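K.L.:
Dropping in protein37.cif, which is mmCIF, C-alpha atoms:
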```cif
data_final
loop_
_atom_site.label_atom_id
_atom_site.label_comp_id
_atom_site.auth_asym_id
_atom_site.auth_seq_id
_atom_site.Cartn_x
_atom_site.Cartn_y
_atom_site.Cartn_z
CA MET A 765 -86.05 -15.16 40.39
CA GLY A 766 -89.71 -14.37 41.19
CA GLN A 767 -89.06 -14.59 44.90
CA THR A 768 -91.83 -14.02 47.44
CA LEU A 769 -91.67 -10.59 49.06
CA LEU A 770 -91.06 -10.54 52.79
CA HIS A 771 -93.14 -8.45 55.13
CA LEU A 772 -90.85 -8.09 58.09
CA VAL A 773 -92.47 -6.36 61.03
CA ASP A 774 -92.66 -6.82 64.78
CA ARG A 775 -95.78 -7.76 66.76
CA ASN A 776 -96.98 -4.15 66.64
CA GLY A 777 -96.61 -3.93 62.88
CA LYS A 778 -93.51 -1.73 63.04
CA ASP A 779 -90.53 -2.24 60.75
CA LEU A 780 -87.74 -4.39 62.16
CA ALA A 781 -84.39 -2.92 63.12
CA SER A 782 -82.11 -2.90 60.08
CA GLU A 783 -79.69 -5.44 61.56
CA THR A 784 -82.50 -7.91 62.29
CA ARG A 785 -84.17 -7.30 58.94
CA ASP A 786 -80.90 -7.88 57.02
CA ALA A 787 -80.18 -11.03 59.00
CA VAL A 788 -83.61 -12.53 58.31
CA LYS A 789 -83.51 -11.47 54.67
CA ASP A 790 -80.07 -13.07 54.19
CA ALA A 791 -81.23 -16.31 55.82
CA TYR A 792 -84.38 -16.35 53.70
CA ASP A 793 -82.43 -15.73 50.45
CA TRP A 794 -80.08 -18.55 51.36
CA ALA A 795 -82.95 -20.94 52.15
CA VAL A 796 -84.68 -20.20 48.84
CA ARG A 797 -81.51 -21.11 46.94
CA GLU A 798 -80.53 -24.03 49.16
CA TYR A 799 -83.93 -25.72 49.37
CA PRO A 800 -85.52 -25.26 45.95
CA LYS A 801 -88.00 -28.04 46.72
CA VAL A 802 -89.55 -26.08 49.56
CA ASP A 803 -92.36 -23.71 48.71
CA ASP A 804 -91.23 -20.05 48.68
CA ALA A 805 -94.39 -18.96 50.47
CA SER A 806 -93.74 -21.38 53.33
CA LEU A 807 -90.18 -20.13 53.66
CA ALA A 808 -91.39 -16.54 53.62
CA GLY A 809 -93.90 -17.34 56.36
CA TRP A 810 -91.21 -18.88 58.56
CA ALA A 811 -88.87 -15.97 57.90
CA GLU A 812 -91.57 -13.49 58.90
CA GLU A 813 -92.31 -15.46 62.09
CA LEU A 814 -88.60 -15.52 62.80
CA GLY A 815 -88.28 -11.77 62.31
CA GLU A 816 -91.17 -11.16 64.68
CA ALA A 817 -89.65 -13.47 67.29
CA MET A 818 -86.24 -11.84 67.00
CA ALA A 819 -87.75 -8.37 67.34
CA ALA A 820 -89.38 -9.46 70.61
CA ARG A 821 -86.01 -10.08 72.26
CA PRO A 822 -83.37 -8.04 70.47
CA THR A 823 -81.01 -7.69 73.41
CA LEU A 824 -80.72 -11.46 73.87
CA ILE A 825 -79.46 -12.07 70.35
CA GLU A 826 -75.80 -11.23 70.09
CA PHE A 827 -75.29 -12.30 66.46
CA PRO A 828 -78.56 -11.77 64.55
CA ARG A 829 -77.40 -13.23 61.25
CA ARG A 830 -76.01 -16.33 62.90
CA TYR A 831 -79.22 -16.70 64.91
CA ALA A 832 -81.43 -16.24 61.85
CA PHE A 833 -79.59 -18.89 59.84
CA ALA A 834 -79.69 -21.44 62.65
CA ALA A 835 -83.36 -20.79 63.43
CA LEU A 836 -84.56 -20.90 59.82
CA LYS A 837 -82.54 -24.03 59.10
CA GLY A 838 -84.11 -25.59 62.20
CA LYS A 839 -87.61 -24.71 61.01
CA ILE A 840 -86.97 -26.22 57.59
CA HIS A 841 -85.60 -29.45 59.00
CA ALA A 842 -88.41 -29.67 61.52
CA TRP A 843 -90.87 -29.27 58.68
CA PHE A 844 -89.17 -32.04 56.70
CA ARG A 845 -89.37 -34.32 59.72
CA LYS A 846 -92.94 -33.61 60.76
CA HIS A 847 -94.86 -33.48 57.51
CA PRO A 848 -95.60 -36.80 55.89
CA VAL A 849 -96.16 -36.14 52.22
CA GLN A 850 -98.25 -38.04 49.73
CA GLU A 851 -97.01 -37.80 46.21
CA ILE A 852 -99.59 -36.85 43.61
CA THR A 853 -98.49 -38.06 40.22
CA VAL A 854 -100.30 -38.93 37.04
CA GLY A 855 -101.14 -42.58 36.30
CA ILE A 856 -103.28 -45.40 37.64
CA GLY A 857 -100.62 -46.97 39.84
CA PRO A 858 -99.79 -43.91 41.90
CA GLU A 859 -103.49 -43.00 42.10
CA LEU A 860 -104.28 -46.43 43.48
CA GLU A 861 -101.47 -46.13 45.94
CA GLN A 862 -102.81 -42.78 47.00
CA TRP A 863 -106.35 -44.17 47.43
CA VAL A 864 -105.16 -47.05 49.49
CA GLY A 865 -103.07 -44.67 51.52
CA LEU A 866 -99.59 -45.91 50.66
CA ASP A 867 -97.27 -43.11 51.64
CA ARG A 868 -93.78 -43.63 50.27
CA SER A 869 -92.22 -40.49 51.70
CA PRO A 870 -91.50 -41.83 55.18
CA GLN A 871 -89.69 -44.65 53.43
CA ILE A 872 -87.62 -42.14 51.46
CA ARG A 873 -86.80 -40.24 54.61
CA MET A 874 -85.81 -43.45 56.33
CA GLU A 875 -83.54 -44.38 53.45
CA ARG A 876 -82.06 -40.92 53.56
CA ALA A 877 -81.40 -41.31 57.27
CA VAL A 878 -79.80 -44.69 56.62
CA LEU A 879 -77.56 -43.22 53.94
CA PHE A 880 -76.56 -40.37 56.23
CA GLU A 881 -75.71 -42.93 58.89
CA GLN A 882 -73.67 -44.91 56.38
CA LEU A 883 -71.80 -41.77 55.42
CA ARG A 884 -71.17 -41.09 59.09
CA THR A 885 -69.86 -44.57 59.83
CA THR A 886 -68.07 -45.30 56.55
CA LEU A 887 -66.22 -42.05 56.12
CA ASN A 888 -63.41 -41.21 58.46
CA GLU A 889 -62.54 -37.70 59.56
CA ARG A 890 -60.06 -37.19 56.69
CA ASP A 891 -62.71 -38.29 54.16
CA ARG A 892 -65.20 -35.80 55.57
CA GLN A 893 -62.62 -33.05 55.47
CA ILE A 894 -61.88 -33.78 51.83
CA LEU A 895 -65.58 -33.73 50.95
CA MET A 896 -65.91 -30.42 52.73
CA LEU A 897 -63.00 -28.99 50.71
CA LEU A 898 -64.61 -30.24 47.49
CA LEU A 899 -67.83 -28.48 48.49
CA GLN A 900 -65.77 -25.31 48.88
CA ASP A 901 -64.57 -25.71 45.26
CA ILE A 902 -61.12 -26.73 46.44
CA THR A 903 -60.76 -29.64 44.07
CA SER A 904 -57.15 -29.95 42.94
CA PRO A 905 -54.89 -32.42 44.76
CA LYS A 906 -52.37 -29.60 45.17
CA ASP A 907 -54.82 -27.40 47.09
CA VAL A 908 -56.22 -30.32 49.08
CA ALA A 909 -52.68 -31.29 50.03
CA THR A 910 -51.99 -27.73 51.20
CA ALA A 911 -55.24 -27.55 53.17
CA LEU A 912 -54.61 -30.85 54.94
CA GLY A 913 -50.85 -30.46 55.31
CA ILE A 914 -50.10 -33.68 53.46
CA ARG A 915 -48.15 -34.59 50.33
CA TYR A 916 -49.55 -34.26 46.85
CA GLN A 917 -49.61 -38.00 46.16
CA ALA A 918 -51.37 -38.71 49.44
CA ALA A 919 -53.99 -36.06 48.68
CA ALA A 920 -54.61 -37.42 45.18
CA LYS A 921 -55.09 -40.93 46.56
CA ALA A 922 -57.32 -39.72 49.38
CA ILE A 923 -59.57 -37.81 46.96
CA GLN A 924 -59.89 -40.86 44.76
CA ARG A 925 -60.68 -43.06 47.78
CA VAL A 926 -63.38 -40.80 49.17
CA LYS A 927 -65.04 -40.50 45.77
CA GLU A 928 -65.14 -44.28 45.50
CA ARG A 929 -66.57 -44.65 49.00
CA VAL A 930 -69.30 -42.10 48.37
CA ALA A 931 -70.11 -43.68 45.01
CA THR A 932 -70.43 -47.07 46.70
CA ILE A 933 -72.78 -45.70 49.36
CA LEU A 934 -74.92 -43.76 46.90
CA SER A 935 -75.11 -46.68 44.47
CA LYS A 936 -77.05 -48.54 47.15
CA ARG A 937 -79.86 -45.96 47.06
CA PRO A 938 -82.84 -48.16 46.26
CA HIS A 939 -85.33 -45.44 45.38
CA ASP A 940 -83.54 -42.77 43.40
CA ASP A 941 -86.73 -42.27 41.46
CA LEU A 942 -88.67 -41.45 44.59
CA GLU A 943 -87.13 -38.08 45.32
CA GLU A 944 -89.51 -35.90 47.25
CA ARG A 945 -91.65 -33.66 45.10
CA PRO A 946 -91.88 -29.96 45.92
CA PRO A 947 -94.29 -29.48 48.80
CA HIS A 948 -96.60 -27.31 46.74
CA LEU A 949 -97.17 -30.28 44.46
CA CYS A 950 -98.11 -32.48 47.39
CA LYS A 951 -100.82 -32.57 49.90
CA SER A 952 -100.27 -32.92 53.59
CA ALA A 953 -101.60 -35.99 55.31
CA SER A 954 -101.60 -34.36 58.72
CA MET B 569 -72.88 -33.37 45.45
CA ASP B 570 -76.31 -32.12 46.55
CA PHE B 571 -76.78 -35.14 48.76
CA ILE B 572 -73.36 -34.62 50.32
CA LYS B 573 -74.15 -30.95 50.83
CA ASP B 574 -77.41 -31.91 52.57
CA TYR B 575 -75.47 -34.32 54.72
CA PHE B 576 -73.14 -31.60 55.96
CA LEU B 577 -76.06 -29.23 56.51
CA GLU B 578 -77.76 -31.75 58.79
CA ALA B 579 -75.31 -34.24 60.19
CA ASN B 580 -73.16 -32.17 62.52
CA PRO B 581 -75.35 -29.98 64.72
CA ASN B 582 -73.40 -27.64 66.94
CA PRO B 583 -76.05 -25.42 68.54
CA GLU B 584 -73.68 -24.22 71.24
CA ARG B 585 -71.30 -23.11 68.48
CA VAL B 586 -68.31 -24.71 70.14
CA GLY B 587 -65.07 -23.76 68.42
CA CYS B 588 -66.78 -21.77 65.68
CA PRO B 589 -64.95 -19.00 63.80
CA ASP B 590 -66.59 -15.58 63.74
CA GLU B 591 -68.86 -14.44 60.92
CA ALA B 592 -66.17 -12.28 59.34
CA THR B 593 -63.92 -15.31 58.93
CA ILE B 594 -66.68 -17.41 57.38
CA LYS B 595 -67.52 -14.56 55.00
CA ALA B 596 -63.86 -14.21 54.03
CA LEU B 597 -63.68 -17.96 53.35
CA ALA B 598 -66.81 -17.81 51.22
CA GLU B 599 -65.35 -14.95 49.20
CA ASP B 600 -62.03 -16.76 48.64
CA ARG B 601 -60.10 -14.16 50.59
CA LEU B 602 -58.39 -16.67 52.88
CA PRO B 603 -55.80 -19.29 51.96
CA VAL B 604 -56.77 -22.91 51.40
CA ARG B 605 -54.88 -23.94 54.52
CA HIS B 606 -57.09 -21.84 56.80
CA PRO B 607 -58.31 -24.11 59.65
CA ALA B 608 -61.89 -22.82 59.51
CA ARG B 609 -62.33 -24.64 56.20
CA LEU B 610 -61.98 -27.98 57.95
CA HIS B 611 -64.03 -26.87 60.96
CA MET B 612 -67.08 -26.79 58.68
CA ALA B 613 -66.72 -30.54 58.18
CA ALA B 614 -67.83 -30.89 61.79
CA CYS B 615 -70.29 -27.99 62.15
CA SER B 616 -73.54 -27.77 60.19
CA GLU B 617 -74.27 -24.26 61.46
CA CYS B 618 -71.02 -22.84 60.14
CA PHE B 619 -71.48 -24.64 56.83
CA ALA B 620 -74.96 -23.15 56.44
CA GLU B 621 -73.57 -19.67 57.11
CA TYR B 622 -70.76 -20.32 54.64
CA ARG B 623 -73.27 -21.40 51.98
CA GLY B 624 -75.30 -18.25 52.60
CA PHE B 625 -72.30 -15.99 52.05
CA ARG B 626 -70.96 -18.09 49.17
CA LEU B 627 -74.14 -18.21 47.09
CA LYS B 628 -74.64 -14.48 47.53
CA TRP B 629 -71.02 -13.72 46.59
CA LEU B 630 -71.17 -15.92 43.48
CA GLU B 631 -74.28 -14.08 42.29
CA THR B 632 -72.69 -10.69 42.94
CA ARG B 633 -69.51 -11.70 41.15
CA LYS B 634 -71.43 -12.95 38.15
CA ALA B 635 -73.26 -9.63 37.87
CA ARG B 636 -70.02 -7.70 38.35
CA ARG B 637 -68.26 -9.63 35.60
CA LYS B 638 -71.00 -8.68 33.18
CA VAL B 639 -70.70 -5.01 34.13
CA LEU B 640 -66.90 -5.12 33.85
CA ALA B 641 -67.04 -6.74 30.41
CA TRP B 642 -69.46 -4.10 29.18
CA ALA B 643 -67.43 -1.30 30.72
CA ILE B 644 -64.20 -2.50 29.10
CA ALA B 645 -65.88 -2.91 25.73
CA ALA B 646 -67.45 0.54 25.96
CA SER B 647 -64.23 2.20 27.07
CA LEU B 648 -62.20 0.56 24.30
CA THR B 649 -64.74 1.71 21.71
CA LEU B 650 -64.66 5.23 23.14
CA PHE B 651 -60.87 5.20 23.29
CA ALA B 652 -60.62 4.11 19.67
CA ALA B 653 -63.09 6.77 18.56
CA VAL B 654 -61.31 9.54 20.48
CA GLY B 655 -57.97 8.33 19.15
CA GLY B 656 -59.29 8.43 15.60
CA ILE B 657 -60.58 11.97 16.01
CA TRP B 658 -57.29 13.06 17.61
CA GLU B 659 -55.27 11.55 14.78
CA SER B 660 -57.40 13.22 12.14
CA ARG B 661 -57.13 16.64 13.79
CA HIS B 662 -53.46 16.49 14.73
CA PRO B 663 -51.44 15.31 11.74
CA ARG B 664 -47.91 14.42 12.73
CA THR B 665 -45.12 16.86 11.91
CA ALA B 666 -41.71 15.90 10.55
CA ALA B 667 -40.13 16.24 14.00
CA ALA B 668 -42.51 13.78 15.58
CA PRO B 669 -40.67 10.57 14.62
CA VAL B 670 -37.54 11.67 16.51
CA PHE B 671 -39.56 12.28 19.67
CA GLU B 672 -41.44 9.06 19.20
CA THR B 673 -38.28 7.04 18.89
CA MET B 674 -37.08 8.36 22.23
CA ALA B 675 -40.43 7.80 23.88
CA ASN B 676 -40.63 4.30 22.46
CA ALA B 677 -37.64 3.13 24.45
CA PRO B 678 -39.22 0.94 27.15
CA VAL B 679 -38.65 1.88 30.74
CA ASN B 680 -38.17 -1.06 33.08
CA VAL B 681 -40.14 -0.72 36.30
CA GLN B 682 -40.51 -3.22 39.12
CA VAL B 683 -43.50 -2.99 41.44
CA ASP B 684 -43.75 -5.08 44.57
CA LEU B 685 -47.33 -5.70 45.73
CA PHE B 686 -46.49 -8.83 47.68
CA ASN B 687 -47.45 -7.32 51.02
CA ALA B 688 -50.01 -4.94 49.61
CA GLY B 689 -53.55 -4.70 50.90
CA THR B 690 -56.13 -4.76 48.17
CA PHE B 691 -59.72 -3.97 47.68
CA ARG B 692 -61.83 -5.89 45.31
CA GLY B 693 -64.47 -4.67 42.91
CA THR B 694 -65.99 -1.24 42.55
CA ASP B 695 -67.31 -0.56 46.01
CA GLY B 696 -64.20 -0.58 48.17
CA GLY B 697 -62.43 2.28 49.81
CA ILE B 698 -59.08 3.78 48.89
CA ASN B 699 -56.12 1.51 49.47
CA GLU B 700 -53.77 3.38 51.72
CA LEU B 701 -51.30 0.56 52.14
CA GLN B 702 -49.69 0.49 48.74
CA SER B 703 -49.38 3.13 46.07
CA VAL B 704 -47.75 2.63 42.70
CA ILE B 705 -45.83 5.23 40.69
CA LEU B 706 -45.18 4.81 36.97
CA PRO B 707 -43.72 7.14 34.33
CA ALA B 708 -45.76 8.39 31.36
CA ALA B 709 -43.76 6.23 28.97
CA PHE B 710 -43.60 2.85 27.34
CA VAL B 711 -43.28 0.78 30.51
CA HIS B 712 -42.04 -2.75 30.83
CA LEU B 713 -43.63 -3.63 34.15
CA LYS B 714 -42.47 -6.47 36.38
CA LEU B 715 -45.28 -6.89 38.89
CA LYS B 716 -44.85 -8.94 42.03
CA LEU B 717 -48.45 -9.95 42.84
CA PRO B 718 -49.89 -9.92 46.38
CA ARG B 719 -49.49 -12.84 48.71
CA PHE B 720 -51.84 -15.78 47.96
CA SER B 721 -52.29 -14.70 44.33
CA ASP B 722 -52.74 -17.55 41.89
CA SER B 723 -50.75 -18.30 38.76
CA GLY B 724 -52.42 -17.90 35.42
CA GLN B 725 -53.50 -15.36 32.87
CA TYR B 726 -54.01 -11.78 34.07
CA GLU B 727 -55.02 -8.50 32.53
CA VAL B 728 -53.48 -5.30 33.82
CA LEU B 729 -55.49 -2.14 33.34
CA VAL B 730 -54.64 1.49 34.00
CA SER B 731 -57.82 3.45 34.34
CA LYS B 732 -59.10 6.71 35.69
CA ASP B 733 -61.75 5.01 37.77
CA LYS B 734 -62.59 1.67 39.29
CA THR B 735 -65.41 0.91 36.87
CA ALA B 736 -62.85 0.87 34.05
CA THR B 737 -64.82 3.33 31.96
CA HIS B 738 -61.70 5.39 31.21
CA VAL B 739 -58.99 2.86 30.45
CA VAL B 740 -55.67 4.49 29.60
CA ALA B 741 -53.64 1.36 28.97
CA LYS B 742 -54.17 -2.35 29.02
CA ALA B 743 -51.94 -5.40 28.75
CA ALA B 744 -52.15 -9.11 29.38
CA GLY B 745 -49.65 -11.62 30.65
CA ARG B 746 -49.22 -14.86 32.53
CA ALA B 747 -48.16 -14.77 36.17
CA GLN B 748 -45.49 -17.29 37.02
CA GLU B 749 -44.40 -18.56 40.37
CA MET B 750 -40.84 -17.67 41.40
CA ASN B 751 -39.53 -18.38 44.90
CA GLY B 752 -43.04 -18.60 46.30
CA GLN B 753 -44.10 -15.32 44.69
CA GLU B 754 -46.19 -14.73 41.58
CA ILE B 755 -44.45 -12.51 39.01
CA LEU B 756 -46.32 -10.91 36.13
CA ASP B 757 -44.48 -9.29 33.19
CA VAL B 758 -46.46 -6.90 31.00
CA THR B 759 -45.76 -3.93 28.77
CA LEU B 760 -47.95 -0.89 29.20
CA ASP B 761 -48.07 2.02 26.79
CA LEU B 762 -48.56 5.03 29.06
CA ARG B 763 -47.18 7.62 26.64
CA ALA B 764 -50.61 9.09 26.09
CA ALA B 765 -51.34 9.35 29.82
CA THR B 766 -51.21 12.75 31.48
CA ASN B 767 -49.67 13.11 34.91
CA GLY B 768 -52.09 12.45 37.72
CA SER B 769 -53.92 9.84 39.76
CA TYR B 770 -55.15 6.58 38.30
CA PHE B 771 -55.94 3.02 39.31
CA LEU B 772 -53.83 0.01 38.46
CA ALA B 773 -56.09 -3.05 38.20
CA THR B 774 -55.13 -6.70 38.00
CA VAL B 775 -57.86 -8.95 36.62
CA ARG B 776 -57.34 -12.68 36.84
CA GLY B 777 -58.48 -14.45 33.69
CA GLU B 778 -60.11 -17.49 35.24
CA ASP B 779 -62.43 -15.79 37.67
CA ALA B 780 -62.23 -12.15 36.50
CA GLY B 781 -61.48 -11.12 40.09
CA ALA B 782 -60.29 -7.51 39.89
CA TYR B 783 -57.99 -5.86 42.44
CA TYR B 784 -57.23 -2.15 42.38
CA TYR B 785 -54.26 -0.13 43.56
CA PRO B 786 -53.88 3.64 43.57
CA LEU B 787 -51.48 4.67 40.82
CA THR B 788 -49.70 7.94 40.19
CA ILE B 789 -48.30 8.71 36.75
CA LYS B 790 -45.47 11.24 36.83
#
```
The structure in this file should be written as structure tokens.

P.N.:
Amino acid sequence: MGQTLLHLVDRNGKDLASETRDAVKDAYDWAVREYPKVDDASLAGWAEELGEAMAARPTLIEFPRRYAFAALKGKIHAWFRKHPVQEITVGIGPELEQWVGLDRSPQIRMERAVLFEQLRTTLNERDRQILMLLLQDITSPKDVATALGIRYQAAAKAIQRVKERVATILSKRPHDDLEERPPHLCKSAS
Amino acid sequence: MDFIKDYFLEANPNPERVGCPDEATIKALAEDRLPVRHPARLHMAACSECFAEYRGFRLKWLETRKARRKVLAWAIAASLTLFAAVGGIWESRHPRTAAAPVFETMANAPVNVQVDLFNAGTFRGTDGGINELQSVILPAAFVHLKLKLPRFSDSGQYEVLVSKDKTATHVVAKAAGRAQEMNGQEILDVTLDLRAATNGSYFLATVRGEDAGAYYYPLTIK
């Protein structure tokens, strides 16, 4: 996979305890797979900072893996929120936009937030549970019915309904073509 | 589904980890070792932290399983080739005598054996420990095996292997069949030719066709 190597040491340059090292390494591996648009080197830097921070207070962290996942996820989301990104693409139009300082990424993020809000308000608890089961590769009405403790027919209808609702919400995405580019292809405006 | 996945990773922060299952449970869910009705599956619909942990375990497990399937396929192919070669050499060096057909006819009579693994513990793959919960005994004969699969097993096509080790490099017998649900239990009927097996310790492996998930049980041939 050509993944960036991690240099996991504490503030004194000593190797981390195995439990902390494994926790940070697991969280980093997950982040690389889960957020392919984020630069590996940035992720590695955050993971190394995280390892150093965890080594500084080992007794306060009861579940290192759990802590590492939550902290790294937090860093990634904070980065997404804080860094306005200007897309650099080939062509006169985008170049002009760049020169005049039109930054479309905040707009994309806003639309994303709106869509998340629509998902939150449109989908009821049962819908969200069904989506979660689908994300766990539990896709047959029989299994969904078992998981939710409902009848087969009800599960089949509920799956169909939630798919339609999600399709309706996502069909309103106005800027599908404006997906964020990988950060290493962009330059920071901050 | 990527957008939906992102939604669940962000939309339900639970930093205090209220009502969260422990890591072992999330890992077991990610590795499909818990039933679909397990409540922690639905908890993740309301907890981004647990879902992130689940994804971490799940992606890692899927990669490991993919690699393991490749190794298993190679091991089975290699062992079958070796078995055929050894069999050929044995046949060429030990021509059958006139008395052999009589013995063979007796040995060919299938022996019906029922094995109940419904409440058996299992270990999966090649790196587990020895299963002390359930041991299987089979005769060195032509065996018609009625196998009651462990709780939560799925229906479908299975392979049953008898091998000397868990990497399936020394397969003694192999058969395939379809498990069928009967009174809430999965029953698998296969016929194993164990006439060539010497008495001793082996492993009985069930390999589900769809996901190649292999489960091993200690086996004694007497």

K.L.:
Tell me which residues come within 12 Å of (-65.9, -16.1, 57.7), as number ranges by chain, counting only C-alpha atoms in the file's coordinates.

P.N.:
A: 830; B: 588-602, 606-609, 611-612, 618-626

K.L.:
Within 6 Å of chain B, which residues of chain A show up? Give each one with its shortest atom-to-atom distance in Å (one decimal) and the two atoms involved, counting all atoms listed in the file, rows by chain then rising residue number, as JSON lines.

P.N.:
```
{"residue": "A:Trp794", "atom": "CA", "partner": "B:Gly624", "partner_atom": "CA", "distance": 4.9}
{"residue": "A:Gln893", "atom": "CA", "partner": "B:Ala613", "partner_atom": "CA", "distance": 5.5}
{"residue": "A:Met896", "atom": "CA", "partner": "B:Ala613", "partner_atom": "CA", "distance": 5.5}
{"residue": "A:Thr910", "atom": "CA", "partner": "B:Arg605", "partner_atom": "CA", "distance": 5.8}
{"residue": "A:Ala911", "atom": "CA", "partner": "B:Arg605", "partner_atom": "CA", "distance": 3.9}
```

K.L.:
Save out the residues we just selected, C-alpha atoms, as a PDB file, in the frame of the given file.

P.N.:
```pdb
ATOM      1  CA  TRP A 794     -80.080 -18.550  51.360  1.00  0.00           C
ATOM      2  CA  GLN A 893     -62.620 -33.050  55.470  1.00  0.00           C
ATOM      3  CA  MET A 896     -65.910 -30.420  52.730  1.00  0.00           C
ATOM      4  CA  THR A 910     -51.990 -27.730  51.200  1.00  0.00           C
ATOM      5  CA  ALA A 911     -55.240 -27.550  53.170  1.00  0.00           C
TER       6      ALA A 911
END
```

K.L.:
Can you pull out the residues contacting Leu756 of chain B? Cut-off 6 Å, using only C-alpha atoms, and skip same-chain residues under 6 positions away; I want them as number ranges by chain.

P.N.:
B: 714-715, 747

K.L.:
If you measure from atom CA of Trp658 of chain B to atom CA of Ala641 of chain B, what distance in Å do you get, rounded to one decimal?

P.N.:
25.5 Å

K.L.:
A:Glu798, A:Asp774, A:Asp779, A:Asp891: which is nearest Ala919 of chain A, counting all atoms listed in the file?

P.N.:
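Checking each candidate against Ala919 of chain A, we get A:Asp891 as the closest.
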
K.L.:
Given all atoms listed in the file as the basis, pick out the residue of B:Lys732, B:Arg746, B:Arg636, B:Lys790 nearest to Ala709 of chain B.

P.N.:
B:Lys790

K.L.:
Please measure the separation of atom CA of Phe686 of chain B and atom CA of Leu717 of chain B, giving the value in Å to one decimal.

P.N.:
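If I compute the distance from atom CA of Phe686 of chain B to atom CA of Leu717 of chain B, I get 5.3 Å.
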
K.L.:
Assuming the chain letters and numbering stay as they are in my file, what does the PyMOL selection byres ((chain A and resi 921) around 12) actually select? List them as a list in words.

P.N.:
Arg890, Asp891, Ile894, Ser904, Pro905, Lys906, Val908, Ala909, Ile914, Arg915, Tyr916, Gln917, Ala918, Ala919, Ala920, Ala922, Ile923, Gln924, Arg925, Val926, Lys927 and Glu928 of chain A

K.L.:
Between atom CA of Val740 of chain B and atom CA of Ala782 of chain B, measure the distance and give it in Å to one decimal.

P.N.:
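Distance between the two atoms: 16.5 Å.
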
K.L.:
Quick one: which residues end up in the PyMOL selection byres ((chain A and resi 811-817) around 12) for this structure, as an mmCIF file with C-alpha atoms, keeping the file's coordinate frame?

P.N.:
```cif
data_model
loop_
_atom_site.group_PDB
_atom_site.id
_atom_site.type_symbol
_atom_site.label_atom_id
_atom_site.label_comp_id
_atom_site.auth_asym_id
_atom_site.auth_seq_id
_atom_site.Cartn_x
_atom_site.Cartn_y
_atom_site.Cartn_z
ATOM 1 C CA THR A 768 -91.830 -14.020 47.440
ATOM 2 C CA LEU A 769 -91.670 -10.590 49.060
ATOM 3 C CA LEU A 770 -91.060 -10.540 52.790
ATOM 4 C CA HIS A 771 -93.140 -8.450 55.130
ATOM 5 C CA LEU A 772 -90.850 -8.090 58.090
ATOM 6 C CA VAL A 773 -92.470 -6.360 61.030
ATOM 7 C CA ASP A 774 -92.660 -6.820 64.780
ATOM 8 C CA ARG A 775 -95.780 -7.760 66.760
ATOM 9 C CA ASN A 776 -96.980 -4.150 66.640
ATOM 10 C CA GLY A 777 -96.610 -3.930 62.880
ATOM 11 C CA LYS A 778 -93.510 -1.730 63.040
ATOM 12 C CA ASP A 779 -90.530 -2.240 60.750
ATOM 13 C CA LEU A 780 -87.740 -4.390 62.160
ATOM 14 C CA ALA A 781 -84.390 -2.920 63.120
ATOM 15 C CA SER A 782 -82.110 -2.900 60.080
ATOM 16 C CA GLU A 783 -79.690 -5.440 61.560
ATOM 17 C CA THR A 784 -82.500 -7.910 62.290
ATOM 18 C CA ARG A 785 -84.170 -7.300 58.940
ATOM 19 C CA ASP A 786 -80.900 -7.880 57.020
ATOM 20 C CA ALA A 787 -80.180 -11.030 59.000
ATOM 21 C CA VAL A 788 -83.610 -12.530 58.310
ATOM 22 C CA LYS A 789 -83.510 -11.470 54.670
ATOM 23 C CA ASP A 790 -80.070 -13.070 54.190
ATOM 24 C CA ALA A 791 -81.230 -16.310 55.820
ATOM 25 C CA TYR A 792 -84.380 -16.350 53.700
ATOM 26 C CA ASP A 793 -82.430 -15.730 50.450
ATOM 27 C CA TRP A 794 -80.080 -18.550 51.360
ATOM 28 C CA ALA A 795 -82.950 -20.940 52.150
ATOM 29 C CA VAL A 796 -84.680 -20.200 48.840
ATOM 30 C CA ASP A 804 -91.230 -20.050 48.680
ATOM 31 C CA ALA A 805 -94.390 -18.960 50.470
ATOM 32 C CA SER A 806 -93.740 -21.380 53.330
ATOM 33 C CA LEU A 807 -90.180 -20.130 53.660
ATOM 34 C CA ALA A 808 -91.390 -16.540 53.620
ATOM 35 C CA GLY A 809 -93.900 -17.340 56.360
ATOM 36 C CA TRP A 810 -91.210 -18.880 58.560
ATOM 37 C CA MET A 818 -86.240 -11.840 67.000
ATOM 38 C CA ALA A 819 -87.750 -8.370 67.340
ATOM 39 C CA ALA A 820 -89.380 -9.460 70.610
ATOM 40 C CA ARG A 821 -86.010 -10.080 72.260
ATOM 41 C CA PRO A 822 -83.370 -8.040 70.470
ATOM 42 C CA LEU A 824 -80.720 -11.460 73.870
ATOM 43 C CA ILE A 825 -79.460 -12.070 70.350
ATOM 44 C CA PRO A 828 -78.560 -11.770 64.550
ATOM 45 C CA ARG A 829 -77.400 -13.230 61.250
ATOM 46 C CA TYR A 831 -79.220 -16.700 64.910
ATOM 47 C CA ALA A 832 -81.430 -16.240 61.850
ATOM 48 C CA PHE A 833 -79.590 -18.890 59.840
ATOM 49 C CA ALA A 834 -79.690 -21.440 62.650
ATOM 50 C CA ALA A 835 -83.360 -20.790 63.430
ATOM 51 C CA LEU A 836 -84.560 -20.900 59.820
ATOM 52 C CA LYS A 837 -82.540 -24.030 59.100
ATOM 53 C CA GLY A 838 -84.110 -25.590 62.200
ATOM 54 C CA LYS A 839 -87.610 -24.710 61.010
ATOM 55 C CA ILE A 840 -86.970 -26.220 57.590
#
```

K.L.:
For Thr632 of chain B, which residue out of B:Gln725, B:Thr759, B:Gly781, B:Gly745 is the nearest one, using only C-alpha atoms?

P.N.:
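Of the candidates, the smallest distance to Thr632 of chain B is held by B:Gly781.
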